[in-house]
Amino acid sequence: MPDAEWDRLEAESHQEKGANWKRWGPYLAERQWGTVRESTAEGDPWLNFTHEEAIWRTYRWGEDGLLGICDRQCRLAFGLALWNENDPILKERLFGLTGPEGNHGEDVKEAYYYIDSTPTHSYLKALYKYPQARFPYEQLRSENAARTRHDPEFELTDTGVFDEKRYFDVQAEYAKASPEDILIRVTIFNRGPEAAPLHILPSWWYRNTWAWGPTMEKPDKKPTLTQVDEDTVVAMHETLGKYQISVDKGPDGNLPEWMFTENETNTWRFEDPSSRRPSCKDAFHLAVVEKVSDVVNPNATGTKSAAHYTCTIPAGESIELRFRMSSQEDLPLETFGPAFQDIFDQRIDEADRYAQSRVATGLSPDEQMIRRQADAGLLWTKQFYHYVIPRWLENNRDGVKKQGGTQPGEAGTRNSDWGHLYNRNIISMPDKWEYPWYAAWDSAFHLIPFAKIDPYFAKDQAILFLREWYMHPNGQLPAYEWNFSDVNPPVHAWACWRVYQMTAANGKPDRVFLERVFQKLLLNFTWWVNRKDIRGKHVFSGGFLGLDNIGVFDRSKPLPTGGHLEQADGTAWMAFFCSSMLSIAFELADGNPAYEDMASKFFEHYVSIAEAMNSLDGTGLWDENDGFYYDHLHLDGQSIPLRIRSIVGLIPLLTVDVLFDRTIAKLPAFRKRMDWFLKFRPELTNFMTYMECDTDGENAGNRLLSIPTRDRLLRLLRYLLDEDEFLSDYGIRSLSKYHEEHPFEYELNGERLCVKYLPAESDSGLFGGNSNWRGPIWFPLNYLIIEALERYHLFYGKSLRVECPTRSGKYMDLQQVADEIRKRLSKLFLADDAGDRPSYCRSDVLVNDPNWKDLVLFYEYFDAETGKGLGASHQTGWTALISPILDTLAARHNENSASHASPDLQSTTSVTS
């Protein structure tokens, strides 16, 4: 059967007429309050726009909602509002603790799950668990406030609101009959032992761009939502067009009550209460929860509307509500006839077929379910992101223009030197609640699973961050909205190269894409070289580099000691950047000799970095006694190694690259320059694996380029694969377990600063509330380590075997080691013989509940000893890397089964250090 979803993707990518399938999607943010965009340049975002204010105060830069969708410019949004007759407010958005409120930082306190999505969002499914008792807002705040950093977080499941199953499962599904005809089905289950009341308010509203405008030039014309029949509303917007919104009867056979208001700030909330007026953002809350009369528009028109259903759902039973939103050009002949169910059945079948066609054969049912939910989470966490720095700076929090305004480049204001930045796009977010803003290096990792799910979106996202309205004129990529000038690891080149490789597997390599990104990446590389090599010695600092709390100092700020850091990770990241650019240049030089010079440039720059990093004259970062790479503190003419065995010192492993003689033979200019280096710089072999050539082995004709020499590689691997150091049952720890009993200490002005192994949450606020790289397992660096091991194996093959785990007596080649790490990572999610998943963060009762046990969350990081999920609970961005990990394991199993070969774990000829 033809792949309908793939046909839709291709039609949209080629901009075929009528193929606007991605115009509508799950692009609605889950938290717009508490963001920098809705704050001021000088203010604290958490205090400038609170959860309570979001009820009645209008956003400028986006919207948020519950299980909702919107168009790609967030003009018209749809979401659910719920009320259980016990809560103090309508449940219109997800609640969570702000950064200062949580004992481990900001944290969503809700139970919701992404179940399914196709790449074009022709089908979507998500689930929200709504307690029937009063939602414990106050208890969650007070209990977490009373806890310290040494205590676990107090979660919603700890409050008792789900006891006796007294909750509703609210399941929202969307199916597109056409790009502009969207069917909505909401199914609500009462899981409790008694009948329970519920108010359901499916809501449509326009983002308020008429009060201040989407651009700097002029506000929009005010749109309208107007009731034209007892079951129908017409939505009119000057650029989005005309839509018909229809609702079906409720379970009692009656149509709902329509309500209308304006998506405008309720000014009496902060001004004179006597100015209280009807038709404002919180009118539905006032009317339904507080029973206030005369607050909705009696004329049945506005910019916000809701259909109010009141139901009592019997114990153990469910109800279904149906809605439809269709453009004027795509009006159905029959709104809720038999075809409604047929379309859902068809889209679900297409979603199943598409998902199955993109996974490796051999996955178990449990693995397939995990992969499906990981992909769904990645697709659901797309978000409309709008942030225009000049416009943002010129207005204060209440939308009134400042006297004189704040100008781009003005000192002392957040992001003021990013005056060029104009963001208005659909972007893959790390977590639409905890991180409803992009982070440059997070986004790079998202591209890997996206390359298989939706290669067109993967390429678009790769290009987007390199565009002129994102990248700074000086070549820096924007880090994240809290501080665009902070520094994320330079992994974008690697991600672009991997997207190219993965999408070229179909035999159609997209060289235009590769050239586009290469030119812009050159600017970014130059920025790094000019800004972060303080002494001009090819040894780099960088600051934050994503690994907050990994060291003894906050590496994003001037050191309290004075002097500066030379970072093992900063320097290795630059070599990694070079190797990725070298690979791209090689590819582009095939057929275009102009790129041979660029290949030579990155080859020579790589060699210079490796030479500097490995120098034995006291200026390098390798410690010969310990066999590890360390950051160095340069102070008063001294270079002081900070002997912390962290993942920082393992990043040099990532720099490995394999060069093929058959490729080099096609590049005479590069070959000439390389031969010169081989002849006149033979001493480089003392510092690095420098163009080592396999002349007669299984990989003859390959050359290896790597910062560690073979001996240093083996010494690093002994640490990496030691279960008392980095190797956990669930992957690679970010800090060696050695530091549990042997913490690193540094004395500064009479105070002893300490780095100690912490397998779970951080007890340090060094770089923000929930920052933690002092022990837990993080997917992104685990994934890069796995890929690096495979590149080493591509060169060494079975000639290089190591003990895994260290001191176990079991020997593996590096491909087997890579797969062993994959297996350990997958254990985080897979159900064991008892049905438990280590990453689950729930009570035992809920783990075994059939309505919970197969709902998987993809956390930000994981406890290195227990596997428990920690941090952001919906970080499906980089934790969606579990999808390619599961696929590779299944493919490897299929290969082994086909060859009837079992892994040989022991060999008397194995290489050991």
# chains A, B, ... in the order shown; residues from 1 in each chain; ligands from 1
>>> select_by_dssp(residues="segment 183-411 of chain A", states="helix (DSSP H, G or I)", output="JSON, numbers by chain")
{"A": [267, 268, 269, 273, 274, 275, 283, 284, 285, 286, 287, 288, 328, 329, 330, 338, 339, 340, 341, 342, 343, 344, 345, 346, 347, 348, 349, 350, 351, 352, 353, 354, 355, 356, 357, 365, 366, 367, 368, 369, 370, 371, 372, 373, 374, 375, 376, 377, 378, 379, 380, 389, 390, 391, 392, 393]}
>>> residues_around(residues="Trp852 of chain A", least_positions_apart="4", cutoff="12 Å", atoms="only C-alpha atoms", output="list in words")
Ala111, Tyr112, Tyr113, Leu127, Tyr128, Lys129, Thr157, Phe162, Lys165, Asp169, Arg191, Gly835, Asp836, Arg837, Tyr840, Cys841, Arg842, Ser843, Asp844, Val845, Leu846, Val847, Asn848, Val856 and Leu857 of chain A
>>> closest_residue(among="A:Ile453, A:Cys578, A:Leu183, A:Ile644", to="Trp528 of chain A", atoms="only C-alpha atoms")
A:Cys578
>>> closest_residue(among="A:Ser318, A:Ser600, A:Ser203, A:Thr226", to="Val170 of chain A", atoms="only C-alpha atoms")
A:Ser318
>>> residues_around(residues="segment 499-508 of chain A", least_positions_apart="5", cutoff="12 Å", atoms="only C-alpha atoms", output="compact mmCIF listing (two decimals) with N, CA and C atoms, in the first residue's frame")
# COMPACT_ATOMS: atom_id res chain seq x y z
N ALA A 444 20.37 20.72 18.05
CA ALA A 444 21.23 19.90 17.20
C ALA A 444 20.95 18.41 17.42
N PHE A 445 20.77 18.00 18.65
CA PHE A 445 20.51 16.59 18.93
C PHE A 445 19.12 16.17 18.45
N HIS A 446 18.16 17.11 18.44
CA HIS A 446 16.82 16.78 17.95
C HIS A 446 16.86 16.36 16.48
N LEU A 447 17.85 16.91 15.74
CA LEU A 447 17.90 16.65 14.31
C LEU A 447 18.12 15.17 14.00
N ILE A 448 18.76 14.43 14.90
CA ILE A 448 19.11 13.04 14.61
C ILE A 448 17.86 12.17 14.51
N PRO A 449 16.99 12.11 15.52
CA PRO A 449 15.76 11.33 15.33
C PRO A 449 14.84 11.93 14.27
N PHE A 450 14.84 13.26 14.14
CA PHE A 450 14.00 13.88 13.12
C PHE A 450 14.43 13.48 11.71
N ALA A 451 15.72 13.22 11.51
CA ALA A 451 16.21 12.87 10.18
C ALA A 451 15.53 11.62 9.64
N LYS A 452 15.09 10.76 10.55
CA LYS A 452 14.40 9.55 10.11
C LYS A 452 12.88 9.73 10.11
N ILE A 453 12.38 10.52 11.05
CA ILE A 453 10.93 10.74 11.14
C ILE A 453 10.46 11.67 10.03
N ASP A 454 11.17 12.80 9.88
CA ASP A 454 10.78 13.84 8.93
C ASP A 454 12.06 14.53 8.44
N PRO A 455 12.72 13.98 7.44
CA PRO A 455 14.01 14.55 6.99
C PRO A 455 13.89 15.98 6.50
N TYR A 456 12.74 16.36 5.97
CA TYR A 456 12.57 17.74 5.48
C TYR A 456 12.60 18.72 6.64
N PHE A 457 11.92 18.37 7.73
CA PHE A 457 11.93 19.25 8.91
C PHE A 457 13.32 19.30 9.52
N ALA A 458 14.02 18.15 9.53
CA ALA A 458 15.37 18.12 10.08
C ALA A 458 16.28 19.10 9.34
N LYS A 459 16.23 19.10 8.03
CA LYS A 459 17.07 20.02 7.26
C LYS A 459 16.66 21.47 7.49
N ASP A 460 15.36 21.72 7.51
CA ASP A 460 14.89 23.10 7.74
C ASP A 460 15.36 23.63 9.08
N GLN A 461 15.31 22.79 10.10
CA GLN A 461 15.75 23.22 11.43
C GLN A 461 17.26 23.46 11.46
N ALA A 462 18.01 22.62 10.77
CA ALA A 462 19.46 22.79 10.72
C ALA A 462 19.83 24.12 10.09
N ILE A 463 19.13 24.47 9.02
CA ILE A 463 19.39 25.73 8.32
C ILE A 463 18.93 26.92 9.13
N HIS A 492 26.63 21.87 16.08
CA HIS A 492 25.73 22.05 14.94
C HIS A 492 26.33 21.46 13.66
N ALA A 493 27.63 21.58 13.48
CA ALA A 493 28.26 21.03 12.28
C ALA A 493 28.12 19.52 12.25
N TRP A 494 28.35 18.87 13.40
CA TRP A 494 28.17 17.42 13.48
C TRP A 494 26.74 17.05 13.12
N PHE A 513 21.80 21.42 0.35
CA PHE A 513 21.67 21.59 1.80
C PHE A 513 23.04 21.65 2.46
N LEU A 514 23.92 20.74 2.08
CA LEU A 514 25.24 20.67 2.72
C LEU A 514 26.05 21.93 2.44
N GLU A 515 25.98 22.44 1.23
CA GLU A 515 26.71 23.69 0.91
C GLU A 515 26.14 24.86 1.68
N ARG A 516 24.81 24.93 1.80
CA ARG A 516 24.19 26.04 2.52
C ARG A 516 24.68 26.10 3.96
N VAL A 517 24.67 24.95 4.63
CA VAL A 517 25.06 24.97 6.04
C VAL A 517 26.56 25.18 6.18
N PHE A 518 27.35 24.65 5.26
CA PHE A 518 28.80 24.75 5.38
C PHE A 518 29.24 26.22 5.35
N SER A 580 34.16 17.56 11.96
CA SER A 580 32.88 17.59 11.25
C SER A 580 32.99 18.43 9.98
N SER A 583 34.91 16.57 7.33
CA SER A 583 34.07 15.57 6.65
C SER A 583 33.19 16.23 5.60
N ILE A 584 32.60 17.38 5.95
CA ILE A 584 31.73 18.08 4.99
C ILE A 584 32.56 18.57 3.80
N GLU A 587 33.31 15.83 1.40
CA GLU A 587 32.14 15.48 0.58
C GLU A 587 31.93 16.49 -0.53
N LEU A 588 32.03 17.77 -0.19
CA LEU A 588 31.78 18.81 -1.18
C LEU A 588 32.92 18.93 -2.19
N PRO A 884 16.79 6.12 17.73
CA PRO A 884 17.86 5.49 16.93
C PRO A 884 18.66 4.46 17.71
>>> closest_atom_pairs(of="segment 140-162 of chain A", to="segment 93-100 of chain A", cutoff="12 Å", atoms="only C-alpha atoms", output="Markdown table")
| residue | atom | partner | partner_atom | distance |
| --- | --- | --- | --- | --- |
| A:Leu140 | CA | A:Leu97 | CA | 8.1 |
| A:Arg141 | CA | A:Leu97 | CA | 6.9 |
| A:Ser142 | CA | A:Leu97 | CA | 10.5 |
| A:Glu143 | CA | A:Leu97 | CA | 11.3 |
| A:Asn144 | CA | A:Leu97 | CA | 8.8 |
| A:Ala145 | CA | A:Pro100 | CA | 8.9 |
| A:Arg149 | CA | A:Pro100 | CA | 11.9 |
| A:Glu153 | CA | A:Leu97 | CA | 10.7 |
| A:Phe154 | CA | A:Leu97 | CA | 10.7 |
| A:Glu155 | CA | A:Gly96 | CA | 10.0 |
| A:Leu156 | CA | A:Gly96 | CA | 9.8 |
>>> write_last_selection(atoms="C-alpha atoms", output="PDB file, in the first residue's frame")
ATOM      1  CA  LEU A 140       2.845  21.472  45.898  1.00  0.00           C
ATOM      2  CA  ARG A 141       4.273  24.906  46.545  1.00  0.00           C
ATOM      3  CA  SER A 142       4.505  24.679  50.315  1.00  0.00           C
ATOM      4  CA  GLU A 143       5.909  21.154  50.458  1.00  0.00           C
ATOM      5  CA  ASN A 144       8.614  21.817  47.882  1.00  0.00           C
ATOM      6  CA  ALA A 145       9.463  25.101  49.576  1.00  0.00           C
ATOM      7  CA  ARG A 149      18.328  20.441  47.616  1.00  0.00           C
ATOM      8  CA  GLU A 153      11.040  16.739  44.644  1.00  0.00           C
ATOM      9  CA  PHE A 154       7.455  16.483  45.881  1.00  0.00           C
ATOM     10  CA  GLU A 155       5.404  15.408  42.872  1.00  0.00           C
ATOM     11  CA  LEU A 156       1.722  15.518  42.010  1.00  0.00           C
TER      12      LEU A 156
END
>>> atom_distance(atom1="atom CA of Glu787 of chain A", atom2="atom CA of Leu889 of chain A")
13.3 Å
>>> select_by_dssp(residues="segment 63-225 of chain A", states="strand (DSSP E)", output="ChimeraX atom specification")
/A:69-71,76-83,96-97,107-108,112-117,123-131,167-178,181-190,196-206,224-225
>>> write_last_selection(atoms="C-alpha atoms", output="compact mmCIF listing (two decimals), in the first residue's frame")
# COMPACT_ATOMS: atom_id res chain seq x y z
CA ILE A 69 -3.08 23.11 18.49
CA CYS A 70 -2.65 26.31 16.49
CA ASP A 71 -1.66 27.44 13.03
CA LEU A 76 -5.90 31.02 15.99
CA ALA A 77 -5.50 28.48 18.79
CA PHE A 78 -7.58 25.61 20.14
CA GLY A 79 -7.25 24.04 23.57
CA LEU A 80 -9.25 22.47 26.35
CA ALA A 81 -10.45 24.06 29.58
CA LEU A 82 -11.70 21.80 32.38
CA TRP A 83 -13.34 22.24 35.78
CA GLY A 96 4.34 23.95 37.73
CA LEU A 97 6.80 25.51 40.12
CA ASP A 107 9.27 21.74 37.44
CA VAL A 108 5.90 20.95 35.89
CA TYR A 112 0.25 14.32 30.77
CA TYR A 113 1.60 12.20 27.94
CA TYR A 114 2.17 12.39 24.20
CA ILE A 115 0.88 9.22 22.61
CA ASP A 116 1.12 9.64 18.86
CA SER A 117 1.75 12.03 15.97
CA TYR A 123 -3.10 12.51 13.28
CA LEU A 124 -2.34 13.54 16.86
CA LYS A 125 -3.09 11.96 20.21
CA ALA A 126 -2.28 13.06 23.77
CA LEU A 127 -3.53 12.32 27.28
CA TYR A 128 -4.06 14.47 30.38
CA LYS A 129 -4.88 13.06 33.83
CA TYR A 130 -7.13 15.47 35.71
CA PRO A 131 -7.79 14.87 39.43
CA TYR A 167 -9.28 11.15 38.27
CA PHE A 168 -10.34 11.66 34.67
CA ASP A 169 -8.31 10.49 31.68
CA VAL A 170 -8.80 13.24 29.11
CA GLN A 171 -7.71 12.02 25.69
CA ALA A 172 -7.50 14.51 22.81
CA GLU A 173 -7.20 13.32 19.21
CA TYR A 174 -6.93 15.25 15.95
CA ALA A 175 -7.37 13.95 12.41
CA LYS A 176 -7.10 16.05 9.28
CA ALA A 177 -9.52 15.29 6.45
CA SER A 178 -7.49 17.81 4.46
CA ASP A 181 -10.32 20.47 7.69
CA ILE A 182 -9.46 19.32 11.21
CA LEU A 183 -11.53 16.82 13.15
CA ILE A 184 -11.25 16.83 16.95
CA ARG A 185 -12.31 14.00 19.25
CA VAL A 186 -12.09 14.25 23.03
CA THR A 187 -12.71 11.09 25.03
CA ILE A 188 -12.98 11.38 28.82
CA PHE A 189 -12.82 8.37 31.12
CA ASN A 190 -13.87 8.44 34.77
CA ALA A 196 -18.16 12.61 39.05
CA PRO A 197 -19.09 15.96 37.52
CA LEU A 198 -16.95 17.66 34.89
CA HIS A 199 -17.22 20.88 32.90
CA ILE A 200 -15.52 20.72 29.51
CA LEU A 201 -14.89 23.92 27.58
CA PRO A 202 -13.28 23.35 24.18
CA SER A 203 -11.95 26.83 23.44
CA TRP A 204 -10.90 28.74 20.33
CA TRP A 205 -9.14 32.08 20.58
CA TYR A 206 -7.02 34.50 18.61
CA THR A 224 -13.72 37.81 15.15
CA LEU A 225 -15.36 34.63 16.34
